[in-house]
file model11.tsv (TSV, C-alpha atoms and all ligand atoms)
chain	number	residue	atom	x	y	z
A	1	MET	CA	5.27	-120.76	-63.33
A	2	LYS	CA	6.61	-124.18	-62.36
A	3	TYR	CA	6.96	-126.41	-65.41
A	4	THR	CA	6.13	-130.11	-65.07
A	5	GLY	CA	9.21	-132.31	-65.13
A	6	THR	CA	10.04	-135.97	-64.53
A	7	ASP	CA	10.85	-137.18	-61.03
A	8	ASN	CA	13.78	-139.61	-60.74
A	9	PHE	CA	14.56	-139.58	-64.48
A	10	ASP	CA	15.98	-142.93	-65.59
A	11	HIS	CA	18.95	-142.38	-67.93
A	12	GLN	CA	18.83	-146.01	-69.04
A	13	GLN	CA	15.26	-145.80	-70.31
A	14	PRO	CA	15.18	-146.43	-74.09
A	15	PRO	CA	13.59	-143.62	-76.13
A	16	ARG	CA	10.33	-144.65	-77.75
A	17	VAL	CA	7.95	-143.44	-80.46
A	18	GLY	CA	4.36	-142.88	-79.36
A	19	VAL	CA	1.21	-142.96	-81.45
A	20	LEU	CA	-1.71	-141.27	-79.72
A	21	ILE	CA	-5.18	-141.64	-81.20
A	22	THR	CA	-7.88	-139.35	-79.87
A	23	ASN	CA	-11.62	-138.89	-80.14
A	24	LEU	CA	-14.18	-136.52	-78.74
A	25	GLY	CA	-15.02	-138.11	-75.41
A	26	THR	CA	-18.09	-139.21	-73.64
A	27	PRO	CA	-19.72	-138.90	-70.20
A	28	GLU	CA	-18.67	-141.23	-67.35
A	29	ALA	CA	-22.20	-142.61	-67.03
A	30	PRO	CA	-25.57	-142.13	-68.77
A	31	THR	CA	-26.92	-139.93	-65.98
A	32	GLY	CA	-27.78	-136.25	-65.71
A	33	LYS	CA	-25.15	-135.94	-62.97
A	34	ALA	CA	-22.39	-137.27	-65.24
A	35	LEU	CA	-23.64	-135.42	-68.32
A	36	ARG	CA	-23.43	-132.00	-66.66
A	37	PRO	CA	-19.60	-131.77	-66.21
A	38	TYR	CA	-19.04	-133.44	-69.58
A	39	LEU	CA	-21.31	-131.02	-71.45
A	40	LYS	CA	-19.92	-128.11	-69.45
A	41	GLN	CA	-16.34	-128.89	-70.49
A	42	PHE	CA	-17.36	-129.61	-74.11
A	43	LEU	CA	-19.66	-126.64	-74.63
A	44	SER	CA	-17.34	-124.19	-72.84
A	45	ASP	CA	-14.69	-124.84	-75.51
A	46	PRO	CA	-14.54	-121.68	-77.66
A	47	ARG	CA	-13.62	-123.83	-80.68
A	48	VAL	CA	-16.97	-125.61	-80.40
A	49	VAL	CA	-19.25	-122.67	-79.72
A	50	GLU	CA	-17.90	-119.46	-81.25
A	51	VAL	CA	-20.11	-116.94	-79.44
A	52	PRO	CA	-18.91	-113.97	-77.31
A	53	ARG	CA	-17.77	-115.56	-74.05
A	54	LEU	CA	-19.80	-113.54	-71.55
A	55	LEU	CA	-23.07	-113.98	-73.46
A	56	TRP	CA	-22.38	-117.71	-73.88
A	57	TRP	CA	-21.54	-118.12	-70.17
A	58	PHE	CA	-25.05	-116.94	-69.27
A	59	ILE	CA	-26.78	-119.08	-71.93
A	60	LEU	CA	-24.76	-122.19	-71.03
A	61	ASN	CA	-24.98	-121.93	-67.25
A	62	GLY	CA	-28.42	-120.32	-67.09
A	63	ILE	CA	-30.31	-122.46	-69.61
A	64	ILE	CA	-28.47	-125.28	-71.40
A	65	LEU	CA	-26.86	-126.95	-68.38
A	66	ASN	CA	-30.21	-126.98	-66.59
A	67	VAL	CA	-32.06	-128.72	-69.40
A	68	ARG	CA	-29.71	-130.66	-71.64
A	69	PRO	CA	-27.97	-133.05	-69.19
A	70	ARG	CA	-31.20	-134.87	-68.31
A	71	ARG	CA	-32.36	-135.00	-71.92
A	72	SER	CA	-28.99	-136.22	-73.20
A	73	ALA	CA	-28.77	-138.78	-70.37
A	74	ARG	CA	-31.98	-140.40	-71.58
A	75	ALA	CA	-30.51	-140.71	-75.08
A	76	TYR	CA	-27.20	-142.11	-73.74
A	77	GLN	CA	-29.10	-144.73	-71.70
A	78	THR	CA	-30.43	-146.22	-74.93
A	79	VAL	CA	-26.92	-146.82	-76.37
A	80	TRP	CA	-24.92	-147.61	-73.19
A	81	THR	CA	-23.32	-151.07	-73.05
A	82	GLU	CA	-22.03	-153.23	-70.20
A	83	GLN	CA	-18.51	-152.08	-71.05
A	84	GLY	CA	-19.57	-148.41	-71.10
A	85	SER	CA	-20.16	-145.78	-73.74
A	86	PRO	CA	-19.86	-147.16	-77.30
A	87	LEU	CA	-17.45	-144.39	-78.31
A	88	LEU	CA	-15.10	-145.28	-75.45
A	89	VAL	CA	-15.38	-149.03	-76.08
A	90	HIS	CA	-14.64	-148.68	-79.82
A	91	THR	CA	-11.78	-146.22	-79.30
A	92	ARG	CA	-10.16	-148.53	-76.75
A	93	ASP	CA	-10.50	-151.45	-79.19
A	94	GLN	CA	-9.03	-149.36	-82.01
A	95	ALA	CA	-5.99	-148.44	-79.87
A	96	ARG	CA	-5.44	-152.08	-78.89
A	97	GLU	CA	-5.73	-153.37	-82.47
A	98	LEU	CA	-3.63	-150.57	-83.94
A	99	GLY	CA	-1.05	-151.23	-81.22
A	100	ASN	CA	-0.91	-154.93	-82.11
A	101	THR	CA	-0.52	-154.13	-85.81
A	102	LEU	CA	2.19	-151.50	-85.35
A	103	GLU	CA	4.07	-153.52	-82.74
A	104	ALA	CA	4.10	-156.49	-85.12
A	105	SER	CA	6.19	-154.45	-87.54
A	106	TYR	CA	8.08	-151.98	-85.36
A	107	GLY	CA	8.52	-154.02	-82.18
A	108	ASP	CA	8.86	-152.51	-78.71
A	109	ASP	CA	10.08	-149.18	-80.06
A	110	ILE	CA	6.48	-148.06	-80.46
A	111	ILE	CA	3.72	-147.35	-77.94
A	112	VAL	CA	0.09	-146.82	-79.00
A	113	ASP	CA	-2.46	-145.28	-76.66
A	114	PHE	CA	-5.72	-143.33	-76.82
A	115	ALA	CA	-7.15	-140.25	-75.15
A	116	MET	CA	-10.34	-138.20	-75.19
A	117	ARG	CA	-10.60	-134.45	-75.77
A	118	TYR	CA	-13.33	-134.12	-73.12
A	119	GLY	CA	-13.67	-136.35	-70.07
A	120	GLU	CA	-11.49	-139.39	-69.46
A	121	PRO	CA	-8.91	-140.66	-70.27
A	122	SER	CA	-7.80	-137.05	-70.69
A	123	ILE	CA	-5.13	-135.90	-73.12
A	124	ASP	CA	-3.05	-134.58	-70.17
A	125	SER	CA	-3.07	-137.88	-68.28
A	126	VAL	CA	-2.28	-140.05	-71.31
A	127	LEU	CA	0.52	-137.73	-72.45
A	128	GLN	CA	2.04	-137.95	-68.98
A	129	SER	CA	1.88	-141.73	-69.07
A	130	MET	CA	3.42	-141.92	-72.57
A	131	LEU	CA	6.25	-139.54	-71.65
A	132	ASP	CA	6.86	-141.54	-68.47
A	133	ARG	CA	7.23	-144.65	-70.65
A	134	GLY	CA	9.99	-142.96	-72.64
A	135	VAL	CA	8.12	-141.42	-75.59
A	136	ARG	CA	10.37	-138.77	-77.13
A	137	LYS	CA	8.74	-138.67	-80.56
A	138	LEU	CA	4.96	-138.38	-80.65
A	139	LEU	CA	2.54	-138.83	-83.54
A	140	VAL	CA	-0.98	-137.64	-82.72
A	141	MET	CA	-3.83	-138.90	-84.89
A	142	PRO	CA	-7.22	-137.40	-83.99
A	143	LEU	CA	-9.73	-139.89	-85.43
A	144	TYR	CA	-11.66	-137.21	-87.30
A	145	PRO	CA	-11.17	-137.95	-91.01
A	146	GLN	CA	-12.36	-134.45	-91.98
A	147	TYR	CA	-10.64	-131.46	-90.34
A	148	SER	CA	-12.81	-129.04	-88.41
A	149	GLY	CA	-11.92	-126.35	-85.88
A	150	PRO	CA	-14.33	-127.74	-83.24
A	151	THR	CA	-12.79	-131.22	-83.37
A	152	THR	CA	-9.26	-131.41	-84.81
A	153	GLY	CA	-8.41	-127.78	-84.04
A	154	SER	CA	-9.61	-128.18	-80.48
A	155	THR	CA	-7.54	-131.35	-80.03
A	156	PHE	CA	-4.44	-129.41	-81.04
A	157	ASP	CA	-5.37	-126.69	-78.51
A	158	ALA	CA	-5.50	-129.30	-75.74
A	159	LEU	CA	-2.07	-130.68	-76.72
A	160	ALA	CA	-0.60	-127.19	-76.90
A	161	ALA	CA	-2.07	-126.27	-73.51
A	162	ASP	CA	-0.51	-129.37	-71.98
A	163	PHE	CA	2.86	-128.69	-73.64
A	164	SER	CA	2.83	-125.08	-72.46
A	165	ARG	CA	3.07	-126.43	-68.88
A	166	ARG	CA	5.76	-129.03	-69.58
A	167	ARG	CA	9.54	-128.68	-69.27
A	168	TRP	CA	10.67	-131.30	-71.84
A	169	LEU	CA	8.60	-131.55	-75.02
A	170	PRO	CA	8.70	-134.53	-77.39
A	171	GLN	CA	9.15	-134.16	-81.14
A	172	LEU	CA	5.62	-133.78	-82.45
A	173	ARG	CA	3.71	-134.77	-85.58
A	174	PHE	CA	-0.02	-134.19	-85.95
A	175	VAL	CA	-2.41	-135.61	-88.57
A	176	SER	CA	-4.81	-132.80	-89.45
A	177	HIS	CA	-7.12	-134.86	-91.69
A	178	TYR	CA	-7.33	-138.03	-93.78
A	179	CYS	CA	-10.59	-137.44	-95.66
A	180	ASP	CA	-9.02	-138.61	-98.94
A	181	HIS	CA	-6.63	-141.28	-97.69
A	182	PRO	CA	-6.86	-144.27	-100.08
A	183	GLY	CA	-6.97	-146.78	-97.19
A	184	TYR	CA	-9.82	-144.93	-95.48
A	185	ILE	CA	-11.78	-144.53	-98.73
A	186	ALA	CA	-11.26	-148.21	-99.55
A	187	ALA	CA	-12.39	-149.26	-96.05
A	188	LEU	CA	-15.60	-147.21	-96.40
A	189	ALA	CA	-16.30	-148.64	-99.86
A	190	ALA	CA	-15.68	-152.18	-98.58
A	191	SER	CA	-18.08	-151.66	-95.67
A	192	ILE	CA	-20.81	-150.49	-98.07
A	193	GLN	CA	-20.19	-153.43	-100.38
A	194	ALA	CA	-20.28	-155.91	-97.48
A	195	TYR	CA	-23.54	-154.40	-96.22
A	196	ARG	CA	-25.12	-154.57	-99.68
A	197	ALA	CA	-23.97	-158.15	-100.18
A	198	GLU	CA	-26.07	-159.08	-97.14
A	199	GLN	CA	-29.01	-156.69	-97.41
A	200	GLY	CA	-29.20	-155.84	-101.12
A	201	THR	CA	-29.08	-152.24	-102.37
A	202	ALA	CA	-31.48	-149.40	-101.57
A	203	ASP	CA	-33.01	-146.63	-103.70
A	204	ARG	CA	-30.51	-144.17	-102.20
A	205	LEU	CA	-27.19	-144.27	-100.32
A	206	VAL	CA	-27.12	-141.42	-97.79
A	207	PHE	CA	-23.79	-140.04	-96.51
A	208	SER	CA	-24.59	-138.25	-93.24
A	209	TYR	CA	-21.85	-136.16	-91.56
A	210	HIS	CA	-21.98	-134.31	-88.25
A	211	GLY	CA	-22.83	-130.67	-88.97
A	212	GLU	CA	-21.39	-127.40	-87.74
A	213	PRO	CA	-22.58	-123.77	-88.05
A	214	LYS	CA	-22.51	-122.59	-91.69
A	215	ARG	CA	-20.65	-119.50	-90.43
A	216	TYR	CA	-17.57	-121.66	-89.71
A	217	LEU	CA	-17.45	-122.69	-93.39
A	218	GLU	CA	-17.88	-119.07	-94.49
A	219	GLU	CA	-15.00	-118.08	-92.22
A	220	GLY	CA	-12.64	-120.65	-93.72
A	221	ASP	CA	-13.18	-124.01	-92.04
A	222	PRO	CA	-12.47	-126.75	-94.65
A	223	TYR	CA	-14.78	-129.33	-93.03
A	224	HIS	CA	-17.65	-129.02	-95.52
A	225	CYS	CA	-15.33	-129.39	-98.54
A	226	GLN	CA	-13.57	-132.36	-96.98
A	227	CYS	CA	-16.89	-134.13	-96.31
A	228	LEU	CA	-17.92	-133.66	-99.95
A	229	LYS	CA	-14.53	-134.97	-101.05
A	230	THR	CA	-14.90	-138.15	-98.99
A	231	THR	CA	-18.34	-138.78	-100.50
A	232	ARG	CA	-17.07	-138.16	-104.03
A	233	LEU	CA	-14.11	-140.53	-103.65
A	234	VAL	CA	-16.22	-143.33	-102.16
A	235	ALA	CA	-18.85	-142.87	-104.88
A	236	GLU	CA	-16.14	-142.99	-107.58
A	237	LEU	CA	-14.65	-146.15	-106.13
A	238	LEU	CA	-18.06	-147.82	-106.04
A	239	GLY	CA	-18.98	-146.55	-109.53
A	240	LEU	CA	-22.08	-144.75	-108.23
A	241	GLU	CA	-23.90	-142.31	-110.48
A	242	GLU	CA	-25.40	-139.00	-109.43
A	243	GLY	CA	-28.88	-139.67	-108.12
A	244	GLN	CA	-27.78	-142.86	-106.41
A	245	TYR	CA	-26.31	-141.07	-103.40
A	246	THR	CA	-26.82	-137.93	-101.28
A	247	THR	CA	-24.66	-136.02	-98.76
A	248	CYS	CA	-26.25	-134.34	-95.75
A	249	PHE	CA	-25.44	-133.02	-92.26
A	250	GLN	CA	-26.86	-134.09	-88.89
A	251	SER	CA	-26.76	-133.17	-85.17
A	252	ARG	CA	-27.85	-129.52	-85.32
A	253	PHE	CA	-27.43	-127.59	-82.07
A	254	GLY	CA	-28.87	-124.14	-81.34
A	255	ARG	CA	-30.80	-121.72	-83.53
A	256	GLU	CA	-28.13	-120.66	-86.01
A	257	GLU	CA	-28.08	-122.07	-89.56
A	258	TRP	CA	-25.85	-125.16	-89.85
A	259	LEU	CA	-24.41	-126.89	-92.90
A	260	GLN	CA	-27.17	-127.97	-95.27
A	261	PRO	CA	-28.92	-130.08	-96.40
A	262	TYR	CA	-30.00	-131.33	-92.98
A	263	THR	CA	-30.18	-135.11	-92.57
A	264	ASP	CA	-33.56	-135.12	-90.82
A	265	GLU	CA	-35.24	-132.91	-93.43
A	266	THR	CA	-33.64	-134.86	-96.27
A	267	LEU	CA	-34.91	-138.19	-94.93
A	268	LYS	CA	-38.39	-136.80	-94.21
A	269	ALA	CA	-38.69	-135.57	-97.82
A	270	MET	CA	-37.40	-138.69	-99.57
A	271	PRO	CA	-40.47	-140.97	-99.44
A	272	GLY	CA	-42.54	-138.17	-101.05
A	273	GLN	CA	-39.98	-138.08	-103.89
A	274	GLY	CA	-40.40	-141.80	-104.51
A	275	ILE	CA	-37.29	-142.85	-102.56
A	276	LYS	CA	-38.72	-145.61	-100.39
A	277	SER	CA	-35.57	-147.39	-99.23
A	278	VAL	CA	-32.32	-145.87	-97.96
A	279	GLN	CA	-29.01	-147.03	-96.56
A	280	VAL	CA	-27.25	-144.47	-94.36
A	281	ILE	CA	-23.51	-144.33	-93.65
A	282	CYS	CA	-21.75	-141.80	-91.37
A	283	PRO	CA	-18.17	-141.58	-92.68
A	284	GLY	CA	-17.21	-138.62	-90.46
A	285	PHE	CA	-17.48	-140.79	-87.34
A	286	SER	CA	-14.63	-143.26	-86.96
A	287	ALA	CA	-16.59	-145.07	-84.24
A	288	ASP	CA	-20.24	-145.66	-83.52
A	289	CYS	CA	-21.55	-143.38	-80.80
A	290	LEU	CA	-24.67	-141.61	-79.63
A	291	GLU	CA	-24.87	-139.59	-82.84
A	292	THR	CA	-24.92	-142.65	-85.07
A	293	ILE	CA	-26.62	-145.39	-83.04
A	294	GLU	CA	-29.40	-143.25	-81.59
A	295	GLU	CA	-29.66	-140.16	-83.76
A	296	ILE	CA	-29.42	-142.01	-87.08
A	297	GLY	CA	-30.40	-145.56	-86.15
A	298	VAL	CA	-33.44	-144.60	-84.06
A	299	GLU	CA	-34.46	-140.94	-84.44
A	300	ASN	CA	-33.86	-140.49	-88.16
A	301	ARG	CA	-35.07	-143.98	-88.97
A	302	GLY	CA	-38.35	-142.91	-87.33
A	303	TYR	CA	-38.57	-139.72	-89.45
A	304	PHE	CA	-38.06	-141.69	-92.65
A	305	MET	CA	-40.49	-144.48	-91.85
A	306	ASP	CA	-43.15	-142.08	-90.53
A	307	ALA	CA	-42.93	-140.14	-93.80
A	308	GLY	CA	-43.76	-143.29	-95.79
A	309	GLY	CA	-40.35	-144.95	-96.12
A	310	GLU	CA	-40.35	-148.74	-96.44
A	311	SER	CA	-36.81	-149.79	-95.57
A	312	PHE	CA	-34.06	-148.03	-93.62
A	313	GLY	CA	-30.61	-149.56	-93.26
A	314	TYR	CA	-27.77	-148.19	-91.14
A	315	ILE	CA	-24.25	-149.14	-92.22
A	316	PRO	CA	-22.06	-149.23	-89.07
A	317	CYS	CA	-18.96	-147.08	-88.65
A	318	LEU	CA	-15.57	-148.59	-89.42
A	319	ASN	CA	-14.93	-149.09	-85.67
A	320	SER	CA	-12.18	-151.68	-85.16
A	321	SER	CA	-12.77	-153.63	-88.39
A	322	SER	CA	-9.61	-155.05	-89.90
A	323	GLU	CA	-9.97	-152.75	-92.96
A	324	HIS	CA	-10.08	-149.71	-90.68
A	325	ILE	CA	-7.12	-150.78	-88.56
A	326	GLU	CA	-5.17	-151.48	-91.77
A	327	ALA	CA	-5.97	-147.97	-93.03
A	328	LEU	CA	-4.98	-146.36	-89.73
A	329	ALA	CA	-1.75	-148.40	-89.66
A	330	GLN	CA	-0.93	-147.15	-93.17
A	331	LEU	CA	-1.68	-143.58	-92.13
A	332	ALA	CA	0.55	-143.97	-89.09
A	333	ALA	CA	3.36	-145.58	-91.12
A	334	GLU	CA	3.29	-142.70	-93.64
A	335	ASN	CA	3.59	-140.19	-90.81
A	336	LEU	CA	6.29	-142.14	-88.96
A	337	ARG	CA	8.74	-142.09	-91.89
A	338	GLY	CA	12.15	-140.93	-90.81
A	339	TRP	CA	11.37	-141.85	-87.20
A	340	LEU	CA	10.74	-145.55	-87.69
A	341	GLU	CA	11.07	-147.36	-90.98
A	342	LYS	CA	8.47	-149.91	-91.90
A	343	PRO	CA	9.74	-153.26	-93.20
A	344	ALA	CA	8.58	-153.67	-96.83
A	345	GLY	CA	5.39	-155.57	-97.52
A	346	LEU	CA	3.52	-154.74	-94.34
A	347	PHE	CA	0.01	-153.28	-94.18
A	348	GLY	CA	-0.76	-154.40	-97.70
A	349	GLN	CA	1.77	-152.05	-99.34
B	401	LIG	C1	-22.44	-127.29	-80.07
B	401	LIG	C2	-21.84	-127.47	-81.21
B	401	LIG	C3	-21.25	-128.71	-81.73
B	401	LIG	C4	-20.36	-128.75	-82.81
B	401	LIG	C5	-19.85	-127.59	-83.64
B	401	LIG	C6	-20.01	-130.13	-82.99
B	401	LIG	C7	-19.14	-130.61	-83.99
B	401	LIG	C8	-18.75	-131.94	-84.17
B	401	LIG	N1	-18.99	-133.00	-83.29
B	401	LIG	C9	-18.47	-134.16	-83.81
B	401	LIG	C10	-18.51	-135.45	-83.23
B	401	LIG	C11	-19.31	-135.81	-82.13
B	401	LIG	N2	-20.21	-135.04	-81.46
B	401	LIG	C12	-20.83	-135.77	-80.47
B	401	LIG	C13	-21.77	-135.34	-79.56
B	401	LIG	C14	-22.18	-134.02	-79.40
B	401	LIG	N3	-21.90	-132.94	-80.23
B	401	LIG	C15	-22.45	-131.78	-79.70
B	401	LIG	C16	-22.31	-130.46	-80.20
B	401	LIG	C17	-21.46	-130.08	-81.27
B	401	LIG	N4	-20.68	-130.87	-82.05
B	401	LIG	C18	-23.12	-132.15	-78.47
B	401	LIG	C19	-23.85	-131.20	-77.55
B	401	LIG	C20	-22.94	-133.54	-78.28
B	401	LIG	C21	-23.34	-134.35	-77.05
B	401	LIG	C22	-24.48	-135.21	-77.19
B	401	LIG	C23	-25.76	-134.51	-76.91
B	401	LIG	O1	-25.91	-133.99	-75.81
B	401	LIG	O2	-26.57	-134.50	-77.82
B	401	LIG	C24	-20.30	-137.13	-80.52
B	401	LIG	C25	-20.77	-138.32	-79.71
B	401	LIG	C26	-20.19	-138.47	-78.32
B	401	LIG	C27	-20.64	-139.73	-77.63
B	401	LIG	O3	-20.41	-139.82	-76.43
B	401	LIG	O4	-21.22	-140.65	-78.21
B	401	LIG	C28	-19.35	-137.15	-81.54
B	401	LIG	C29	-18.47	-138.30	-81.96
B	401	LIG	C30	-17.86	-133.85	-85.06
B	401	LIG	C31	-17.15	-134.85	-85.98
B	401	LIG	C32	-18.04	-132.49	-85.30
B	401	LIG	C33	-17.53	-131.78	-86.49
B	401	LIG	C34	-17.95	-130.71	-87.05
B	402	FE	FE	-20.70	-133.01	-81.93
B	403	FE	FE	-27.22	-135.73	-81.62
call {"tool": "encode", "arguments": {"input": "model11.tsv", "output": "structure tokens"}}
result
Amino acid sequence: MKYTGTDNFDHQQPPRVGVLITNLGTPEAPTGKALRPYLKQFLSDPRVVEVPRLLWWFILNGIILNVRPRRSARAYQTVWTEQGSPLLVHTRDQARELGNTLEASYGDDIIVDFAMRYGEPSIDSVLQSMLDRGVRKLLVMPLYPQYSGPTTGSTFDALAADFSRRRWLPQLRFVSHYCDHPGYIAALAASIQAYRAEQGTADRLVFSYHGEPKRYLEEGDPYHCQCLKTTRLVAELLGLEEGQYTTCFQSRFGREEWLQPYTDETLKAMPGQGIKSVQVICPGFSADCLETIEEIGVENRGYFMDAGGESFGYIPCLNSSSEHIEALAQLAAENLRGWLEKPAGLFGQ
């Protein structure tokens, strides 16, 4: 084994602190050709699909990768922008804005960058670039507010795999979740209030989170509990009563039972229960992406309206709003203590 080192190490280079934000990743283009390697990497991750490897290899390569890339490409085409995939565009904006905010208080000692768990920019390549720029202390913040094995756990696996091939490791801190962080909860509540100030309120506020197999919860994954906690804290902050809001889970994949209640079934049933207008928010997604813009904004809107719904509003993700960047800066500052001290009075504290 040859460990990766640094060529021509510069002894004069000042040591820096790095903040790396990560998200899931996205295909290079909205085409079947680009979807195939992306889905292959994603769905081959044992953290994502916990099925015996040999059996899964045949299902993935024999069936899924022959059907899904083309189908997913059609969905991606509907959300693609001139700058690329929305998830990539928002994550890049978040890194830039967070960088500006943190540099304003910590100066040049800090470097902020972003990476994707699947596809590009890869965790390996961004880590290399940060270490080359002198990062010796690294804070990693996966932008998944609720911990789950398939997302946060898998991100840690990718970091660990990279480190296992490296000669000189940085000091490492890792944010496992921030489902109950006051800044994040306040940013969500503010986004709901701002939406309602423009559009009025609806019969029901729907909190829709990405799902995962129910088995993962039964085997100890805290994701489900953390989603319910986020909903509860936002509802408390807004003074909502039971009956004014609902939590559900979207994006089912495969035949196994996933976390319930399912978003699509919930929305299909609501008009028949007298709930004619809804506003949907997806707090588990830190950035708008295929699963929010298309799956909620188009597909699930259709289910609700076809079932007799009269008004369907989608409240956008926090993306790079100033409230979100403020919350992420607070989260970073809390986790940087002892490495870099924050001058008093910054980030609204
Ligand atoms: C196959 C199982 C999957 C699990 C478990 C899962 C968990 C999970 N995913 C997110 C966040 C995102 N998922 C996104 C897309 C996406 N997710 C799956 C499958 C699982 N996700 C697939 C196959 C896809 C690809 C799209 C498709 O082909 O339908 C995205 C969007 C990416 C984008 O480019 O826009 C996000 C974000 C979370 C938080 C989560 C937690 C349990
Ligand atoms: Fe997913
Ligand atoms: Fe989906």
call {"tool": "closest_atom_pairs", "arguments": {"input": "model11.tsv", "of": "stretch 188-277 of chain A", "to": "stretch 301-312 of chain A", "cutoff": "6 Å", "atoms": "all atoms listed in the file", "output": "JSON lines"}}
result
{"residue": "A:Leu267", "atom": "CA", "partner": "A:Phe304", "partner_atom": "CA", "distance": 5.2}
{"residue": "A:Lys268", "atom": "CA", "partner": "A:Phe304", "partner_atom": "CA", "distance": 5.1}
{"residue": "A:Pro271", "atom": "CA", "partner": "A:Gly309", "partner_atom": "CA", "distance": 5.2}
{"residue": "A:Lys276", "atom": "CA", "partner": "A:Gly309", "partner_atom": "CA", "distance": 4.6}
{"residue": "A:Ser277", "atom": "CA", "partner": "A:Ser311", "partner_atom": "CA", "distance": 4.5}
call {"tool": "residues_near_ligand", "arguments": {"input": "model11.tsv", "ligand": "ligand FE 403 (chain B)", "cutoff": "9 Å", "atoms": "only C-alpha atoms and all ligand atoms", "output": "PyMOL selection string"}}
result
chain A and resi 72+75+210+250-253+290-292+294-296
call {"tool": "residues_near_ligand", "arguments": {"input": "model11.tsv", "ligand": "ligand LIG 401 (chain B)", "cutoff": "8 Å", "atoms": "all atoms listed in the file", "output": "PyMOL selection string"}}
result
chain A and resi 23-27+35+39+42-43+47-49+68-69+71-73+75-76+85-88+144+146-151+209-213+223+251-254+284-285+287-291
call {"tool": "write_last_selection", "arguments": {"input": "model11.tsv", "atoms": "C-alpha atoms", "output": "JSON list (two decimals), in the coordinates of the input"}}
result
[["chain", "number", "residue", "atom", "x", "y", "z"],
["A", 23, "ASN", "CA", -11.62, -138.89, -80.14],
["A", 24, "LEU", "CA", -14.18, -136.52, -78.74],
["A", 25, "GLY", "CA", -15.02, -138.11, -75.41],
["A", 26, "THR", "CA", -18.09, -139.21, -73.64],
["A", 27, "PRO", "CA", -19.72, -138.90, -70.20],
["A", 35, "LEU", "CA", -23.64, -135.42, -68.32],
["A", 39, "LEU", "CA", -21.31, -131.02, -71.45],
["A", 42, "PHE", "CA", -17.36, -129.61, -74.11],
["A", 43, "LEU", "CA", -19.66, -126.64, -74.63],
["A", 47, "ARG", "CA", -13.62, -123.83, -80.68],
["A", 48, "VAL", "CA", -16.97, -125.61, -80.40],
["A", 49, "VAL", "CA", -19.25, -122.67, -79.72],
["A", 68, "ARG", "CA", -29.71, -130.66, -71.64],
["A", 69, "PRO", "CA", -27.97, -133.05, -69.19],
["A", 71, "ARG", "CA", -32.36, -135.00, -71.92],
["A", 72, "SER", "CA", -28.99, -136.22, -73.20],
["A", 73, "ALA", "CA", -28.77, -138.78, -70.37],
["A", 75, "ALA", "CA", -30.51, -140.71, -75.08],
["A", 76, "TYR", "CA", -27.20, -142.11, -73.74],
["A", 85, "SER", "CA", -20.16, -145.78, -73.74],
["A", 86, "PRO", "CA", -19.86, -147.16, -77.30],
["A", 87, "LEU", "CA", -17.45, -144.39, -78.31],
["A", 88, "LEU", "CA", -15.10, -145.28, -75.45],
["A", 144, "TYR", "CA", -11.66, -137.21, -87.30],
["A", 146, "GLN", "CA", -12.36, -134.45, -91.98],
["A", 147, "TYR", "CA", -10.64, -131.46, -90.34],
["A", 148, "SER", "CA", -12.81, -129.04, -88.41],
["A", 149, "GLY", "CA", -11.92, -126.35, -85.88],
["A", 150, "PRO", "CA", -14.33, -127.74, -83.24],
["A", 151, "THR", "CA", -12.79, -131.22, -83.37],
["A", 209, "TYR", "CA", -21.85, -136.16, -91.56],
["A", 210, "HIS", "CA", -21.98, -134.31, -88.25],
["A", 211, "GLY", "CA", -22.83, -130.67, -88.97],
["A", 212, "GLU", "CA", -21.39, -127.40, -87.74],
["A", 213, "PRO", "CA", -22.58, -123.77, -88.05],
["A", 223, "TYR", "CA", -14.78, -129.33, -93.03],
["A", 251, "SER", "CA", -26.76, -133.17, -85.17],
["A", 252, "ARG", "CA", -27.85, -129.52, -85.32],
["A", 253, "PHE", "CA", -27.43, -127.59, -82.07],
["A", 254, "GLY", "CA", -28.87, -124.14, -81.34],
["A", 284, "GLY", "CA", -17.21, -138.62, -90.46],
["A", 285, "PHE", "CA", -17.48, -140.79, -87.34],
["A", 287, "ALA", "CA", -16.59, -145.07, -84.24],
["A", 288, "ASP", "CA", -20.24, -145.66, -83.52],
["A", 289, "CYS", "CA", -21.55, -143.38, -80.80],
["A", 290, "LEU", "CA", -24.67, -141.61, -79.63],
["A", 291, "GLU", "CA", -24.87, -139.59, -82.84]]
call {"tool": "closest_residue", "arguments": {"input": "model11.tsv", "among": "A:Gln41, A:Ser129, A:Thr31, A:Asn300", "to": "A:Ala269", "atoms": "only C-alpha atoms"}}
result
A:Asn300
call {"tool": "atom_distance", "arguments": {"input": "model11.tsv", "atom1": "atom CA of A:His90", "atom2": "atom CA of A:Ser321"}}
result
10.1 Å
call {"tool": "closest_residue", "arguments": {"input": "model11.tsv", "among": "A:Tyr118, A:His177, A:Ile63, A:Ala235", "to": "ligand FE 402 (chain B)", "atoms": "only C-alpha atoms and all ligand atoms"}}
result
A:Tyr118
call {"tool": "axis_aligned_box", "arguments": {"input": "model11.tsv", "around": "stretch 299-318 of chain A", "padding_each_side": "5 Å", "output": "JSON"}}
result
{"center_x": -29.7, "center_y": -144.8, "center_z": -90.4, "size_x": 38.2, "size_y": 20.1, "size_z": 22.0}
call {"tool": "closest_residue", "arguments": {"input": "model11.tsv", "among": "A:Arg173, A:Arg196, A:Arg117, A:Arg133", "to": "ligand FE 402 (chain B)", "atoms": "all atoms listed in the file"}}
result
A:Arg117
call {"tool": "residues_around", "arguments": {"input": "model11.tsv", "residues": "A:Gln13", "least_positions_apart": "2", "cutoff": "10 Å", "atoms": "all atoms listed in the file", "output": "compact mmCIF listing (two decimals) with C-alpha atoms, in the frame of the given file"}}
result
# COMPACT_ATOMS: atom_id res chain seq x y z
CA PHE A 9 14.56 -139.58 -64.48
CA ASP A 10 15.98 -142.93 -65.59
CA HIS A 11 18.95 -142.38 -67.93
CA PRO A 15 13.59 -143.62 -76.13
CA ARG A 16 10.33 -144.65 -77.75
CA ASP A 132 6.86 -141.54 -68.47
CA ARG A 133 7.23 -144.65 -70.65
CA GLY A 134 9.99 -142.96 -72.64
CA VAL A 135 8.12 -141.42 -75.59
